[in-house]
file start.cif (mmCIF, C-alpha atoms)
data_protein
#
loop_
_atom_site.label_atom_id
_atom_site.label_comp_id
_atom_site.auth_asym_id
_atom_site.auth_seq_id
_atom_site.Cartn_x
_atom_site.Cartn_y
_atom_site.Cartn_z
CA MET A 1 42.42 12.96 -36.07
CA GLU A 2 41.39 9.33 -36.01
CA SER A 3 38.21 8.37 -37.87
CA PRO A 4 35.20 8.32 -35.52
CA LEU A 5 34.19 5.04 -37.11
CA HIS A 6 37.54 3.46 -36.35
CA HIS A 7 36.35 1.95 -33.08
CA PHE A 8 33.69 -0.04 -34.94
CA GLU A 9 36.43 -2.12 -36.49
CA VAL A 10 36.59 -5.72 -35.38
CA HIS A 11 39.95 -7.32 -34.62
CA ASN A 12 40.41 -11.02 -34.34
CA ILE A 13 41.96 -12.16 -31.07
CA ILE A 14 41.80 -15.94 -31.37
CA PRO A 15 41.52 -17.11 -34.98
CA ILE A 16 39.20 -20.07 -35.42
CA HIS A 17 38.39 -21.50 -38.82
CA ILE A 18 35.98 -24.42 -39.06
CA ALA A 19 34.99 -25.87 -42.42
CA GLY A 20 36.00 -22.74 -44.21
CA LEU A 21 33.97 -20.59 -41.83
CA ASP A 22 35.71 -17.82 -39.91
CA LEU A 23 34.51 -18.20 -36.32
CA SER A 24 37.39 -16.27 -34.79
CA ILE A 25 36.96 -14.77 -31.38
CA ASN A 26 37.31 -11.03 -31.77
CA ASN A 27 37.17 -7.90 -29.61
CA ALA A 28 33.40 -7.54 -30.17
CA VAL A 29 32.75 -11.08 -28.97
CA VAL A 30 35.00 -10.67 -25.94
CA ALA A 31 33.26 -7.43 -24.95
CA MET A 32 29.91 -9.16 -25.35
CA TRP A 33 31.08 -12.03 -23.15
CA VAL A 34 32.20 -9.62 -20.45
CA GLY A 35 28.75 -8.01 -20.45
CA LEU A 36 26.99 -11.36 -20.40
CA ALA A 37 29.29 -12.63 -17.67
CA VAL A 38 28.29 -9.66 -15.51
CA ILE A 39 24.60 -10.40 -16.11
CA ALA A 40 24.85 -14.17 -15.62
CA GLY A 41 27.24 -13.71 -12.68
CA SER A 42 24.86 -11.32 -10.92
CA PHE A 43 21.95 -13.73 -11.28
CA MET A 44 23.98 -16.76 -10.26
CA LEU A 45 25.39 -14.88 -7.27
CA VAL A 46 21.87 -14.10 -6.03
CA VAL A 47 20.66 -17.63 -6.71
CA SER A 48 23.70 -19.29 -5.11
CA ARG A 49 23.22 -17.21 -1.96
CA GLY A 50 19.62 -18.33 -1.90
CA VAL A 51 16.74 -16.12 -2.96
CA SER A 52 15.69 -14.37 0.21
CA PRO A 53 12.08 -13.35 0.91
CA ILE A 54 13.52 -10.02 2.07
CA PRO A 55 15.74 -9.10 -0.89
CA GLY A 56 19.15 -7.47 -0.67
CA LYS A 57 20.32 -4.70 -3.01
CA LEU A 58 21.42 -6.93 -5.90
CA GLN A 59 18.41 -9.21 -5.59
CA SER A 60 16.13 -6.14 -5.54
CA ILE A 61 17.68 -4.83 -8.77
CA LEU A 62 17.30 -8.18 -10.51
CA GLU A 63 13.77 -8.60 -9.20
CA ILE A 64 12.82 -5.13 -10.40
CA ALA A 65 14.24 -5.96 -13.86
CA LEU A 66 12.39 -9.28 -14.00
CA GLU A 67 9.17 -7.79 -12.66
CA PHE A 68 9.40 -5.00 -15.23
CA ILE A 69 9.91 -7.47 -18.09
CA ARG A 70 7.23 -9.81 -16.81
CA SER A 71 4.62 -7.04 -16.63
CA MET A 72 5.62 -5.96 -20.15
CA VAL A 73 5.16 -9.51 -21.46
CA TYR A 74 1.80 -9.87 -19.68
CA GLU A 75 0.66 -6.54 -21.10
CA PHE A 76 1.38 -7.38 -24.73
CA ILE A 77 0.98 -11.16 -24.85
CA GLY A 78 -1.39 -11.78 -21.96
CA GLU A 79 -0.77 -13.44 -18.63
CA GLU A 80 -1.89 -16.92 -19.64
CA GLU A 81 0.10 -17.12 -22.87
CA GLY A 82 2.87 -14.78 -21.83
CA LYS A 83 4.14 -16.83 -18.89
CA LYS A 84 6.19 -19.19 -21.05
CA TYR A 85 7.79 -16.30 -22.97
CA VAL A 86 9.01 -14.42 -19.88
CA PRO A 87 12.41 -16.20 -19.70
CA PHE A 88 13.07 -15.65 -23.41
CA ILE A 89 12.06 -11.98 -23.40
CA ALA A 90 13.96 -11.35 -20.15
CA SER A 91 17.08 -13.00 -21.56
CA LEU A 92 16.75 -10.98 -24.76
CA PHE A 93 16.35 -7.72 -22.81
CA LEU A 94 19.31 -8.47 -20.56
CA PHE A 95 21.46 -9.58 -23.50
CA ILE A 96 20.82 -6.40 -25.49
CA LEU A 97 21.17 -4.21 -22.39
CA ALA A 98 24.48 -5.84 -21.44
CA CYS A 99 25.83 -5.46 -25.00
CA ASN A 100 24.66 -1.84 -25.19
CA LEU A 101 26.12 -0.86 -21.81
CA ILE A 102 29.44 -2.69 -22.09
CA GLY A 103 30.18 -0.69 -25.24
CA LEU A 104 30.13 2.53 -23.23
CA ILE A 105 33.33 1.56 -21.48
CA PRO A 106 36.18 3.16 -23.42
CA GLY A 107 38.15 0.59 -25.42
CA SER A 108 35.26 -1.86 -25.32
CA TYR A 109 32.91 -2.80 -28.17
CA THR A 110 29.15 -2.69 -28.70
CA ILE A 111 28.21 -5.78 -30.61
CA THR A 112 24.71 -4.36 -31.13
CA SER A 113 26.28 -1.71 -33.38
CA GLN A 114 26.81 -4.50 -35.89
CA LEU A 115 23.87 -4.73 -38.27
CA VAL A 116 24.51 -8.42 -38.90
CA VAL A 117 24.07 -9.14 -35.20
CA THR A 118 20.90 -7.07 -34.74
CA GLY A 119 19.70 -8.44 -38.10
CA ALA A 120 20.30 -12.01 -36.98
CA PHE A 121 18.33 -11.45 -33.80
CA ALA A 122 15.55 -9.59 -35.61
CA MET A 123 15.34 -12.36 -38.21
CA GLY A 124 15.36 -14.99 -35.48
CA ILE A 125 12.48 -13.23 -33.76
CA PHE A 126 10.60 -12.91 -37.05
CA ILE A 127 10.99 -16.64 -37.72
CA LEU A 128 9.97 -17.36 -34.12
CA THR A 129 6.76 -15.33 -34.53
CA LEU A 130 5.97 -17.27 -37.72
CA VAL A 131 6.58 -20.58 -35.94
CA ILE A 132 4.37 -19.51 -33.02
CA GLY A 133 1.67 -18.22 -35.39
CA PHE A 134 1.53 -21.34 -37.56
CA GLY A 135 1.89 -23.59 -34.52
CA LYS A 136 -1.04 -21.97 -32.80
CA HIS A 137 -3.39 -21.19 -35.67
CA GLY A 138 -2.27 -23.42 -38.54
CA ALA A 139 -3.45 -22.17 -41.94
CA HIS A 140 -5.67 -19.60 -40.17
CA PHE A 141 -2.51 -17.73 -39.41
CA PHE A 142 -2.71 -16.23 -42.90
CA GLY A 143 -5.63 -14.28 -41.49
CA ILE A 144 -3.04 -11.96 -39.98
CA LEU A 145 -2.63 -10.52 -43.50
CA VAL A 146 -6.21 -9.28 -43.46
CA PRO A 147 -6.85 -6.70 -40.76
CA PRO A 148 -10.28 -7.04 -39.08
CA GLY A 149 -13.09 -4.91 -40.50
CA VAL A 150 -11.49 -4.51 -43.95
CA PRO A 151 -14.07 -4.62 -46.78
CA LYS A 152 -13.67 -7.66 -49.05
CA ILE A 153 -12.92 -5.49 -52.04
CA MET A 154 -9.89 -4.09 -50.26
CA ILE A 155 -8.37 -7.50 -49.46
CA PRO A 156 -6.25 -7.79 -52.66
CA LEU A 157 -4.74 -4.42 -51.80
CA MET A 158 -4.37 -5.04 -48.07
CA VAL A 159 -2.64 -8.41 -48.31
CA PRO A 160 0.50 -7.11 -50.11
CA ILE A 161 0.58 -4.12 -47.77
CA GLU A 162 0.41 -6.42 -44.75
CA ILE A 163 3.11 -8.67 -46.21
CA ILE A 164 5.38 -5.65 -46.68
CA SER A 165 4.50 -4.49 -43.18
CA MET A 166 5.36 -7.92 -41.77
CA LEU A 167 8.66 -8.05 -43.63
CA ALA A 168 9.49 -4.51 -42.55
CA ARG A 169 9.25 -5.54 -38.92
CA PRO A 170 12.58 -7.40 -38.64
CA ILE A 171 14.28 -4.79 -40.81
CA SER A 172 13.08 -1.92 -38.64
CA LEU A 173 13.90 -3.88 -35.51
CA ALA A 174 17.45 -4.53 -36.67
CA VAL A 175 18.14 -1.11 -38.14
CA ARG A 176 16.73 0.80 -35.15
CA LEU A 177 19.04 -0.84 -32.64
CA PHE A 178 22.07 -0.81 -34.94
CA ALA A 179 21.54 2.84 -35.96
CA ASN A 180 21.02 4.07 -32.41
CA MET A 181 24.11 2.33 -31.10
CA THR A 182 26.24 3.39 -34.06
CA ALA A 183 25.04 6.98 -33.95
CA GLY A 184 25.57 7.32 -30.21
CA HIS A 185 29.06 5.89 -30.31
CA THR A 186 29.96 7.95 -33.37
CA VAL A 187 28.85 11.15 -31.65
CA LEU A 188 30.86 10.18 -28.58
CA ALA A 189 33.92 9.38 -30.73
CA VAL A 190 33.64 12.67 -32.61
CA LEU A 191 33.29 14.70 -29.39
CA PHE A 192 36.13 12.86 -27.70
CA GLY A 193 38.30 13.30 -30.78
CA LEU A 194 37.61 17.03 -30.71
CA ALA A 195 38.41 17.19 -27.02
CA MET A 196 41.70 15.39 -27.51
CA THR A 197 42.86 17.29 -30.60
CA GLY A 198 41.66 20.79 -29.68
CA PRO A 199 43.65 23.20 -27.49
CA LEU A 200 42.98 23.04 -23.76
CA TRP A 201 41.02 26.31 -23.66
CA LEU A 202 38.61 24.88 -26.24
CA GLY A 203 38.94 21.15 -25.63
CA TRP A 204 37.02 21.15 -22.34
CA LEU A 205 33.82 22.04 -24.21
CA PRO A 206 33.52 18.87 -26.34
CA PHE A 207 34.82 16.89 -23.37
CA GLY A 208 31.96 18.24 -21.25
CA PHE A 209 29.57 17.27 -23.99
CA THR A 210 31.13 13.79 -24.03
CA ILE A 211 30.12 13.37 -20.40
CA VAL A 212 26.58 14.59 -21.10
CA ILE A 213 26.23 12.39 -24.19
CA ASN A 214 27.62 9.45 -22.23
CA GLY A 215 24.79 9.90 -19.72
CA LEU A 216 22.36 10.09 -22.60
CA GLU A 217 23.88 6.94 -24.11
CA ILE A 218 23.26 5.03 -20.88
CA ALA A 219 19.60 6.03 -21.13
CA ILE A 220 19.57 5.10 -24.83
CA ALA A 221 21.09 1.70 -24.00
CA PHE A 222 18.14 1.02 -21.69
CA ILE A 223 15.57 2.54 -24.05
CA GLN A 224 16.77 0.55 -27.06
CA ALA A 225 16.81 -2.71 -25.13
CA TYR A 226 13.30 -1.86 -23.96
CA ILE A 227 12.09 -0.98 -27.46
CA PHE A 228 13.58 -4.12 -28.98
CA THR A 229 11.97 -6.40 -26.41
CA THR A 230 8.69 -4.48 -26.37
CA LEU A 231 8.38 -4.84 -30.14
CA THR A 232 9.26 -8.52 -29.83
CA CYS A 233 6.40 -8.87 -27.31
CA VAL A 234 4.08 -6.95 -29.64
CA TYR A 235 4.95 -9.20 -32.57
CA ILE A 236 4.52 -12.38 -30.52
CA GLY A 237 1.27 -10.99 -29.05
CA ASP A 238 0.03 -10.20 -32.56
CA VAL A 239 0.59 -13.71 -33.88
CA ILE A 240 -0.98 -15.25 -30.79
CA LYS A 241 -4.07 -13.05 -30.84
CA LEU A 242 -4.20 -12.61 -34.65
CA HIS A 243 -4.77 -8.81 -34.36
CA MET B 1 31.55 1.97 -42.33
CA PRO B 2 33.47 -0.97 -40.84
CA GLN B 3 30.17 -2.69 -40.00
CA PHE B 4 29.54 -3.13 -43.74
CA GLU B 5 33.10 -3.49 -44.93
CA GLN B 6 34.43 -6.27 -42.67
CA VAL B 7 32.35 -8.97 -44.26
CA SER B 8 34.75 -11.69 -43.09
CA VAL B 9 33.74 -11.24 -39.44
CA PHE B 10 30.00 -11.47 -40.05
CA GLY B 11 29.96 -15.22 -39.63
CA SER B 12 31.83 -15.15 -36.35
CA LEU B 13 29.77 -12.25 -34.99
CA ILE B 14 26.49 -13.97 -35.80
CA PHE B 15 27.71 -17.35 -34.58
CA TRP B 16 29.10 -16.17 -31.25
CA SER B 17 26.32 -13.72 -30.50
CA VAL B 18 23.58 -16.24 -31.19
CA LEU B 19 25.46 -18.96 -29.32
CA SER B 20 26.15 -16.64 -26.39
CA PHE B 21 22.54 -15.56 -26.27
CA GLY B 22 21.46 -19.21 -26.37
CA LEU B 23 23.82 -20.02 -23.53
CA LEU B 24 22.69 -17.03 -21.49
CA PHE B 25 19.06 -17.96 -22.11
CA PHE B 26 19.73 -21.56 -21.04
CA ILE B 27 21.58 -20.59 -17.86
CA LEU B 28 19.08 -17.96 -16.82
CA LYS B 29 16.03 -20.08 -17.67
CA LYS B 30 17.42 -23.19 -16.04
CA PHE B 31 19.05 -21.80 -12.90
CA ALA B 32 18.37 -18.13 -12.30
CA PHE B 33 14.83 -17.19 -13.30
CA PRO B 34 12.80 -19.97 -11.64
CA PRO B 35 13.81 -19.23 -8.02
CA ILE B 36 13.58 -15.46 -8.52
CA LEU B 37 10.23 -15.61 -10.32
CA GLU B 38 8.98 -18.05 -7.71
CA ALA B 39 10.09 -15.68 -4.94
CA LEU B 40 8.35 -12.82 -6.73
CA GLU B 41 5.14 -14.80 -7.10
CA MET B 42 5.29 -15.99 -3.51
CA ARG B 43 5.80 -12.44 -2.30
CA GLU B 44 2.93 -11.24 -4.47
CA LYS B 45 0.75 -14.02 -3.13
CA LYS B 46 1.81 -13.26 0.43
CA ILE B 47 1.14 -9.55 0.00
CA ARG B 48 -2.25 -10.33 -1.55
CA THR B 49 -3.08 -12.80 1.25
CA ASP B 50 -1.85 -10.39 3.91
CA MET B 51 -3.90 -7.59 2.40
CA GLU B 52 -6.99 -9.80 2.23
CA ASP B 53 -6.36 -10.92 5.82
CA SER B 54 -5.89 -7.35 6.95
CA GLU B 55 -9.11 -6.37 5.16
CA LYS B 56 -10.89 -9.25 6.89
CA LEU B 57 -9.38 -8.31 10.24
CA LYS B 58 -10.35 -4.72 9.63
CA GLY B 59 -13.92 -5.85 8.95
CA ASP B 60 -13.88 -8.01 12.06
CA ALA B 61 -12.46 -5.17 14.12
CA GLN B 62 -15.16 -2.83 12.82
CA GLN B 63 -17.81 -5.42 13.64
CA ILE B 64 -16.38 -5.83 17.17
CA LYS B 65 -16.22 -2.08 17.53
CA ARG B 66 -19.85 -1.78 16.45
CA GLU B 67 -20.86 -4.51 18.88
CA LEU B 68 -18.86 -2.88 21.67
CA GLU B 69 -20.45 0.46 20.95
CA GLU B 70 -23.88 -1.15 21.05
CA THR B 71 -23.02 -2.93 24.31
CA LEU B 72 -21.66 0.29 25.72
CA LYS B 73 -24.78 2.13 24.64
CA ALA B 74 -26.97 -0.56 26.24
CA ALA B 75 -24.84 -0.43 29.40
CA HIS B 76 -25.18 3.37 29.46
CA GLY B 77 -28.95 3.01 29.10
CA LYS B 78 -29.03 0.40 31.86
CA ALA B 79 -26.86 2.56 34.10
CA GLU B 80 -29.09 5.54 33.50
CA THR B 81 -32.16 3.43 34.36
CA ILE B 82 -30.45 2.16 37.52
CA VAL B 83 -29.43 5.67 38.51
CA GLN B 84 -32.97 6.90 37.84
CA LEU B 85 -34.42 4.04 39.88
CA ALA B 86 -31.99 4.73 42.72
CA HIS B 87 -32.82 8.40 42.52
CA ASP B 88 -36.54 7.65 42.69
CA GLU B 89 -36.03 5.22 45.57
CA ALA B 90 -33.95 7.77 47.44
CA LYS B 91 -36.58 10.42 46.82
CA LYS B 92 -39.31 8.10 48.05
CA ALA B 93 -37.29 7.14 51.13
CA ARG B 94 -36.54 10.78 51.85
CA GLU B 95 -40.18 11.74 51.49
CA LYS B 96 -41.24 8.83 53.66
CA SER B 97 -38.66 9.71 56.29
CA LEU B 98 -39.79 13.35 56.18
CA GLN B 99 -43.41 12.36 56.59
CA GLU B 100 -42.56 10.06 59.48
CA THR B 101 -40.51 12.74 61.13
CA GLU B 102 -43.25 15.29 60.64
CA ALA B 103 -45.80 12.86 62.07
CA LYS B 104 -43.52 12.16 65.01
CA VAL B 105 -42.96 15.85 65.61
CA GLN B 106 -46.67 16.50 65.41
CA GLN B 107 -47.30 13.63 67.81
CA MET B 108 -44.67 14.98 70.18
CA HIS B 109 -46.17 18.42 69.86
CA LYS B 110 -49.61 17.02 70.58
CA ASP B 111 -48.31 15.04 73.54
CA ALA B 112 -46.57 18.11 74.89
CA GLU B 113 -49.71 20.19 74.53
CA GLN B 114 -51.68 17.44 76.22
CA GLU B 115 -49.20 17.33 79.04
CA VAL B 116 -49.21 21.09 79.45
CA LEU B 117 -52.99 21.11 79.49
CA SER B 118 -53.12 18.30 82.00
CA SER B 119 -50.55 20.04 84.21
CA ARG B 120 -52.48 23.27 83.97
CA ASN B 121 -55.75 21.58 84.95
CA LYS B 122 -54.05 19.82 87.80
CA LEU B 123 -52.50 23.07 88.90
CA LEU B 124 -55.79 24.87 88.61
CA GLN B 125 -57.44 22.12 90.62
CA GLU B 126 -54.85 22.47 93.32
CA ILE B 127 -55.18 26.26 93.29
CA ARG B 128 -58.87 25.87 93.50
CA SER B 129 -58.74 23.58 96.52
CA TYR B 130 -56.09 25.76 98.28
CA THR B 131 -57.99 28.92 97.48
CA ALA B 132 -61.24 27.41 98.75
CA ALA B 133 -59.70 26.32 101.98
CA LEU B 134 -57.92 29.63 102.41
CA THR B 135 -60.96 31.69 101.57
CA ILE B 136 -63.21 29.78 103.96
CA ALA B 137 -60.69 29.91 106.73
CA SER B 138 -60.05 33.62 106.24
CA THR B 139 -63.68 34.51 106.04
CA GLU B 140 -64.58 32.44 109.11
CA LYS B 141 -61.84 34.04 111.04
CA PHE B 142 -62.85 37.46 109.83
CA LEU B 143 -66.52 36.96 110.64
CA LYS B 144 -65.89 34.85 113.72
CA LYS B 145 -68.64 32.52 112.76
CA VAL B 146 -69.05 29.32 110.91
CA LEU B 147 -70.42 29.75 107.43
CA GLY B 148 -73.23 27.68 106.03
CA GLU B 149 -72.73 25.31 103.16
CA GLU B 150 -74.49 27.62 100.73
CA ASP B 151 -72.35 30.59 101.64
CA LYS B 152 -69.18 28.55 101.60
CA LYS B 153 -69.89 27.39 98.06
CA ARG B 154 -70.73 30.89 96.79
CA LEU B 155 -67.75 32.45 98.51
CA VAL B 156 -65.36 29.81 97.14
CA GLU B 157 -66.72 30.21 93.62
CA GLU B 158 -66.32 34.00 93.73
CA SER B 159 -62.81 33.79 95.14
CA ILE B 160 -61.66 31.20 92.66
CA GLU B 161 -63.09 33.21 89.83
CA GLN B 162 -61.29 36.25 91.08
CA VAL B 163 -57.96 34.38 91.46
CA ILE B 164 -58.20 32.84 88.03
CA GLN B 165 -58.97 36.22 86.49
CA GLU B 166 -56.01 37.66 88.32
CA LEU B 167 -53.73 34.83 87.09
CA GLU B 168 -54.90 35.21 83.51
CA LYS B 169 -54.40 38.94 83.73
CA ARG B 170 -50.79 38.35 84.87
CA GLN B 171 -50.19 35.83 82.17
CA ASN B 172 -51.24 38.30 79.53
#

call {"tool": "encode", "arguments": {"input": "start.cif", "output": "C-alpha cells"}}
result
Amino acid sequence: MESPLHHFEVHNIIPIHIAGLDLSINNAVVAMWVGLAVIAGSFMLVVSRGVSPIPGKLQSILEIALEFIRSMVYEFIGEEEGKKYVPFIASLFLFILACNLIGLIPGSYTITSQLVVTGAFAMGIFILTLVIGFGKHGAHFFGILVPPGVPKIMIPLMVPIEIISMLARPISLAVRLFANMTAGHTVLAVLFGLAMTGPLWLGWLPFGFTIVINGLEIAIAFIQAYIFTTLTCVYIGDVIKLH
Amino acid sequence: MPQFEQVSVFGSLIFWSVLSFGLLFFILKKFAFPPILEALEMREKKIRTDMEDSEKLKGDAQQIKRELEETLKAAHGKAETIVQLAHDEAKKAREKSLQETEAKVQQMHKDAEQEVLSSRNKLLQEIRSYTAALTIASTEKFLKKVLGEEDKKRLVEESIEQVIQELEKRQN
C-alpha cells in the first residue's frame, strides 16, 4: 500500500532557477493556479457581462460570498475602518478557499497543506497588523501589550505574556490551516488506500467513508478559509482599536 | 512528512503562492470587486429607500384612510340629519294634510247637515201650506159654510200638528 503522505510530495514540472533560488513550477503551484483561475474567471465573467441589478446565478453566488466577507470585516474591524480591508480579506478568503477545494479533486494538490505556505501568509498578516498598528497609533501601539484594567503591578508579568500571545498568533494561524488540510487529506488517502487494497466485500466500507469524509472535507475547506480570514479580521481589528 | 522534508521546494512554493495571491488580489480589487460591491451598495440603498418610501406611503395611505373614514362618518351624520329632516317634514306634511282633510270633511258634513235641515224646513213649510189649504177646503166642504179667520187658524194649527206628529211617528 502506498504511503498516505505520498500525495503531499511536490514534483517540479517546469524547472526555474534564478540567482540560485529554485522557483520551479510544480504540481502544487499548478493546482493552485487552476483554483485561482476558476475564482478570477468567475468574477471576470460576471464583470465582463456587466453587473446586473437583478443578479443571475453566478453573480448571486459571488455577491453572497462578498456580502458575507464584507459583513465579517465590518463586524470585527468596523464599517468605517473596515471598508478599505474588504478587498484584501475577500481575496484572502477566496484564495484559501480555492486552494482548499482544488485539493479535493483526486490527483490535484492542496497548497495550503504546506506549512511554509500557510506560514508565509500568517507571517505576512502578522507583519501587516504591525504595520497597521504602528501606522495608526505610532509608539502608542505598544499599549496593545497591556490589556485594559490590568493593575500596574501586573504589567511586568503581562507584557511578556502578551508578547508571547502576539507571536503565537501567526503560528497558530499557520499550523491550524496546515494541520486541518493535511489531516483531512491523510484520512482520505488512508481510507481510499484501504478501499483499493481490501477485498471487494470489505473494500466498499472504507470507500463509503471516503465519500462521507470528502463531504466533510468540503465543509472543512470552507470553515478553515473562514477561520483564517476571521482571525485576520480580529487581529487587524485589535491593532486598529487597541483592545 | 514531505511538507518538512522537501526543503528545496519551499522557496518556489512561497514565491508562487505569494505572487499568485498578489496577482489575484490586484485583479479582483482592480476589476472585479468595485462593480460588484457598488451593485451591492446600490441595491442596499435602493432597498432601504424603497422601504422608507413604502413606509412613508403606508403612513400617507393610513392618513388618507383616516381622513376618508372621518369624511364618511361626517357624510353618514349629514345623511342621517337629512333623512331625519325629511322624515319630520313628511310627518308635518302628512299631519297638515290630515288636518286639512278632516276640516274639509267636517265642513262638508256641516254643509250637508245644513242642506238637509234647509230641505226639511222647506219641505215642512210646503207640507204646512198644503195641509192648511187642504184642511180648510175639506172642513168648509164638510160643514158647508165658510169658516172665520180665527177658526181657520186654529184648525190649520191642529191639523199641521197632527200631520207632523204622524210623520215623526213614521220616521221613528

call {"tool": "closest_atom_pairs", "arguments": {"input": "start.cif", "of": "chain A", "to": "chain B", "cutoff": "9 Å", "atoms": "all atoms listed in the file", "output": "CSV"}}
result
residue,atom,partner,partner_atom,distance
A:Leu5,CA,B:Met1,CA,6.6
A:His6,CA,B:Pro2,CA,7.5
A:His7,CA,B:Pro2,CA,8.8
A:Phe8,CA,B:Pro2,CA,6.0
A:Glu9,CA,B:Pro2,CA,5.4
A:Val10,CA,B:Val9,CA,7.4
A:His11,CA,B:Val9,CA,8.8
A:Asn12,CA,B:Val9,CA,8.4
A:Ile16,CA,B:Ser12,CA,8.9
A:Leu21,CA,B:Gly11,CA,7.1
A:Asp22,CA,B:Ser12,CA,5.9
A:Leu23,CA,B:Ser12,CA,4.1
A:Ser24,CA,B:Ser12,CA,5.9
A:Ile25,CA,B:Ser12,CA,7.2
A:Asn26,CA,B:Ser12,CA,8.2
A:Ala28,CA,B:Leu13,CA,7.7
A:Val29,CA,B:Trp16,CA,6.7
A:Met32,CA,B:Ser17,CA,7.8
A:Trp33,CA,B:Ser20,CA,7.5
A:Leu36,CA,B:Leu24,CA,7.2
A:Ala37,CA,B:Leu24,CA,8.8
A:Ile39,CA,B:Leu24,CA,8.7
A:Ala40,CA,B:Leu24,CA,6.9
A:Phe43,CA,B:Ala32,CA,5.8
A:Met44,CA,B:Ala32,CA,6.1
A:Val46,CA,B:Ala32,CA,8.2
A:Val47,CA,B:Ala32,CA,6.1
A:Gly50,CA,B:Pro35,CA,8.5
A:Val51,CA,B:Ile36,CA,6.4
A:Ser52,CA,B:Ala39,CA,7.7
A:Pro53,CA,B:Ala39,CA,6.6
A:Gln59,CA,B:Ile36,CA,8.4
A:Leu62,CA,B:Ile36,CA,8.4
A:Glu63,CA,B:Ile36,CA,6.9
A:Leu66,CA,B:Leu37,CA,7.6
A:Glu67,CA,B:Leu40,CA,7.8
A:Pro87,CA,B:Lys29,CA,5.7
A:Phe88,CA,B:Phe25,CA,6.6
A:Ala90,CA,B:Phe25,CA,8.6
A:Ser91,CA,B:Phe25,CA,5.4
A:Leu92,CA,B:Phe21,CA,7.5
A:Phe95,CA,B:Phe21,CA,6.7
A:Ile111,CA,B:Leu13,CA,8.0
A:Ser113,CA,B:Gln3,CA,7.7
A:Gln114,CA,B:Gln3,CA,5.6
A:Leu115,CA,B:Gln3,CA,6.8
A:Val116,CA,B:Phe10,CA,6.4
A:Val117,CA,B:Ile14,CA,5.4
A:Thr118,CA,B:Ile14,CA,8.9
A:Ala120,CA,B:Ile14,CA,6.6
A:Phe121,CA,B:Val18,CA,7.6

call {"tool": "closest_residue", "arguments": {"input": "start.cif", "among": "B:Gln99, B:Gln63, B:Ser54, B:Ser159", "to": "Tyr130 (chain B)", "atoms": "only C-alpha atoms"}}
result
B:Ser159

call {"tool": "closest_residue", "arguments": {"input": "start.cif", "among": "A:Ile61, A:Ile211, A:Met166, A:Leu177", "to": "Leu97 (chain A)", "atoms": "all atoms listed in the file"}}
result
A:Leu177

call {"tool": "atom_distance", "arguments": {"input": "start.cif", "atom1": "CA of Arg70 (chain A)", "atom2": "CA of Phe222 (chain A)"}}
result
16.1 Å

call {"tool": "resolve_selection", "arguments": {"input": "start.cif", "expression": "the PyMOL selection byres ((chain B and resi 163-172) around 9)", "output": "count of residues only"}}
result
9

call {"tool": "atom_distance", "arguments": {"input": "start.cif", "atom1": "CA of Ile220 (chain A)", "atom2": "CA of Gly103 (chain A)"}}
result
12.1 Å

call {"tool": "atom_distance", "arguments": {"input": "start.cif", "atom1": "CA of Phe93 (chain A)", "atom2": "CA of Val73 (chain A)"}}
result
11.4 Å

call {"tool": "residues_around", "arguments": {"input": "start.cif", "residues": "Phe134 (chain A)", "least_positions_apart": "3", "cutoff": "12 Å", "atoms": "only C-alpha atoms", "output": "NGL selection string"}}
result
:A and (127-131 or 137-144 or 236 or 239-240 or 242)
